[in-house]
Amino acid sequence: MARVKRALHARKSKKAYFKAAKGYRGARSRLLRTVKNAVDRARQYSYRDRKVRKRDFRRLWIVRINAAVRNHGLSYSKFIHGLKLANIDLDRKALAYLAMEESEVFDSIIEEVKTKLAA
């Protein structure tokens, strides 16, 4: 059987790990075993936090909408219920933007929601 020479693939893998560990301090950027541990852990965190980022932004949008709606005497849950009654299909990201930047448009949406809730 032929002898397997794996220097090329080993070097390629090792270079990839060290490139990913650029900017790490101490042994975490110099020793292969430690670099592997650090890079693998960093990849686990980045995978998890891509999901967490979506949750965090949704929470932020809800807080912003709630703050803007309470100035008009409504609660967040009643506002969302009123949006559904009024058939206004805006997501929370757009609503939060309108509440922060386009207050006139958001005020008109709130008036529409109030009329639907009163009826």
# chains A, B, ... in the order shown; residues from 1 in each chain; ligands from 1
>>> residues_around(residues="Ala96 of chain A", least_positions_apart="5", cutoff="6 Å", atoms="only C-alpha atoms", output="list in words")
Trp61, Arg64 and Ile65 of chain A
>>> residues_around(residues="Glu111 of chain A", least_positions_apart="6", cutoff="12 Å", atoms="only C-alpha atoms", output="VMD selection string")
chain A and resid 69 72 to 74 79 82 to 83 86 104 to 105 117 to 118
>>> residues_around(residues="Asn37 of chain A", least_positions_apart="3", cutoff="12 Å", atoms="only C-alpha atoms", output="number ranges by chain")
A: 17-18, 20-21, 24, 27-34, 40-44
>>> closest_residue(among="A:Val4, A:Val35, A:Met100, A:Ile110", to="His81 of chain A", atoms="only C-alpha atoms")
A:Ile110
>>> decode(residues="segment 8-43 of chain A", atoms="N, CA and C atoms", output="short mmCIF file (atom, residue, chain, number, x, y, z; two decimals), in the first residue's frame")
data_model
loop_
_atom_site.label_atom_id
_atom_site.label_comp_id
_atom_site.auth_asym_id
_atom_site.auth_seq_id
_atom_site.Cartn_x
_atom_site.Cartn_y
_atom_site.Cartn_z
N LEU A 8 0.76 18.58 3.43
CA LEU A 8 0.06 19.68 2.78
C LEU A 8 -1.27 19.96 3.49
N HIS A 9 -2.04 18.91 3.74
CA HIS A 9 -3.34 19.09 4.38
C HIS A 9 -3.20 19.52 5.84
N ALA A 10 -2.20 18.99 6.52
CA ALA A 10 -1.98 19.38 7.91
C ALA A 10 -1.61 20.85 8.00
N ARG A 11 -0.75 21.30 7.09
CA ARG A 11 -0.34 22.70 7.09
C ARG A 11 -1.52 23.61 6.75
N LYS A 12 -2.34 23.17 5.79
CA LYS A 12 -3.51 23.96 5.41
C LYS A 12 -4.48 24.13 6.59
N SER A 13 -4.72 23.04 7.30
CA SER A 13 -5.62 23.09 8.45
C SER A 13 -5.03 23.98 9.55
N LYS A 14 -3.73 23.80 9.80
CA LYS A 14 -3.07 24.57 10.85
C LYS A 14 -3.08 26.07 10.53
N LYS A 15 -2.81 26.41 9.25
CA LYS A 15 -2.83 27.81 8.84
C LYS A 15 -4.21 28.42 9.01
N ALA A 16 -5.24 27.63 8.72
CA ALA A 16 -6.61 28.13 8.84
C ALA A 16 -6.92 28.45 10.31
N TYR A 17 -6.49 27.57 11.21
CA TYR A 17 -6.72 27.82 12.64
C TYR A 17 -5.98 29.07 13.09
N PHE A 18 -4.72 29.20 12.71
CA PHE A 18 -3.94 30.35 13.15
C PHE A 18 -4.47 31.66 12.55
N LYS A 19 -4.98 31.59 11.32
CA LYS A 19 -5.57 32.78 10.71
C LYS A 19 -6.83 33.19 11.47
N ALA A 20 -7.62 32.20 11.89
CA ALA A 20 -8.84 32.51 12.64
C ALA A 20 -8.51 33.06 14.02
N ALA A 21 -7.32 32.74 14.55
CA ALA A 21 -6.94 33.19 15.89
C ALA A 21 -6.16 34.49 15.87
N LYS A 22 -6.14 35.18 14.74
CA LYS A 22 -5.46 36.47 14.65
C LYS A 22 -6.07 37.44 15.66
N GLY A 23 -5.24 38.11 16.40
CA GLY A 23 -5.72 39.08 17.36
C GLY A 23 -5.91 38.51 18.76
N TYR A 24 -5.84 37.18 18.90
CA TYR A 24 -5.95 36.58 20.22
C TYR A 24 -4.63 36.83 20.95
N ARG A 25 -4.65 36.84 22.29
CA ARG A 25 -3.47 37.17 23.06
C ARG A 25 -2.81 35.93 23.62
N GLY A 26 -1.49 36.00 23.74
CA GLY A 26 -0.72 34.95 24.41
C GLY A 26 -0.76 33.63 23.66
N ALA A 27 -0.85 32.55 24.43
CA ALA A 27 -0.81 31.20 23.86
C ALA A 27 -2.00 30.95 22.95
N ARG A 28 -3.07 31.71 23.12
CA ARG A 28 -4.26 31.51 22.32
C ARG A 28 -4.04 31.87 20.86
N SER A 29 -2.90 32.49 20.55
CA SER A 29 -2.58 32.78 19.16
C SER A 29 -1.28 32.11 18.71
N ARG A 30 -0.66 31.29 19.60
CA ARG A 30 0.65 30.74 19.27
C ARG A 30 0.74 29.22 19.33
N LEU A 31 0.01 28.59 20.23
CA LEU A 31 0.13 27.14 20.42
C LEU A 31 -1.06 26.43 19.80
N LEU A 32 -0.79 25.45 18.96
CA LEU A 32 -1.84 24.85 18.14
C LEU A 32 -3.00 24.30 18.98
N ARG A 33 -2.70 23.57 20.04
CA ARG A 33 -3.78 22.97 20.83
C ARG A 33 -4.66 24.07 21.46
N THR A 34 -4.01 25.10 21.99
CA THR A 34 -4.74 26.19 22.61
C THR A 34 -5.51 27.00 21.57
N VAL A 35 -4.88 27.19 20.41
CA VAL A 35 -5.54 27.91 19.32
C VAL A 35 -6.80 27.18 18.89
N LYS A 36 -6.72 25.84 18.76
CA LYS A 36 -7.90 25.06 18.36
C LYS A 36 -9.03 25.23 19.36
N ASN A 37 -8.68 25.15 20.65
CA ASN A 37 -9.70 25.32 21.69
C ASN A 37 -10.34 26.70 21.61
N ALA A 38 -9.50 27.73 21.47
CA ALA A 38 -10.01 29.11 21.46
C ALA A 38 -10.88 29.37 20.24
N VAL A 39 -10.46 28.90 19.08
CA VAL A 39 -11.20 29.13 17.84
C VAL A 39 -12.52 28.35 17.86
N ASP A 40 -12.47 27.11 18.33
CA ASP A 40 -13.70 26.32 18.39
C ASP A 40 -14.72 26.96 19.33
N ARG A 41 -14.25 27.45 20.48
CA ARG A 41 -15.15 28.10 21.42
C ARG A 41 -15.71 29.38 20.81
N ALA A 42 -14.86 30.15 20.11
CA ALA A 42 -15.33 31.39 19.48
C ALA A 42 -16.39 31.10 18.43
N ARG A 43 -16.21 30.00 17.70
CA ARG A 43 -17.21 29.64 16.68
C ARG A 43 -18.52 29.22 17.32
#
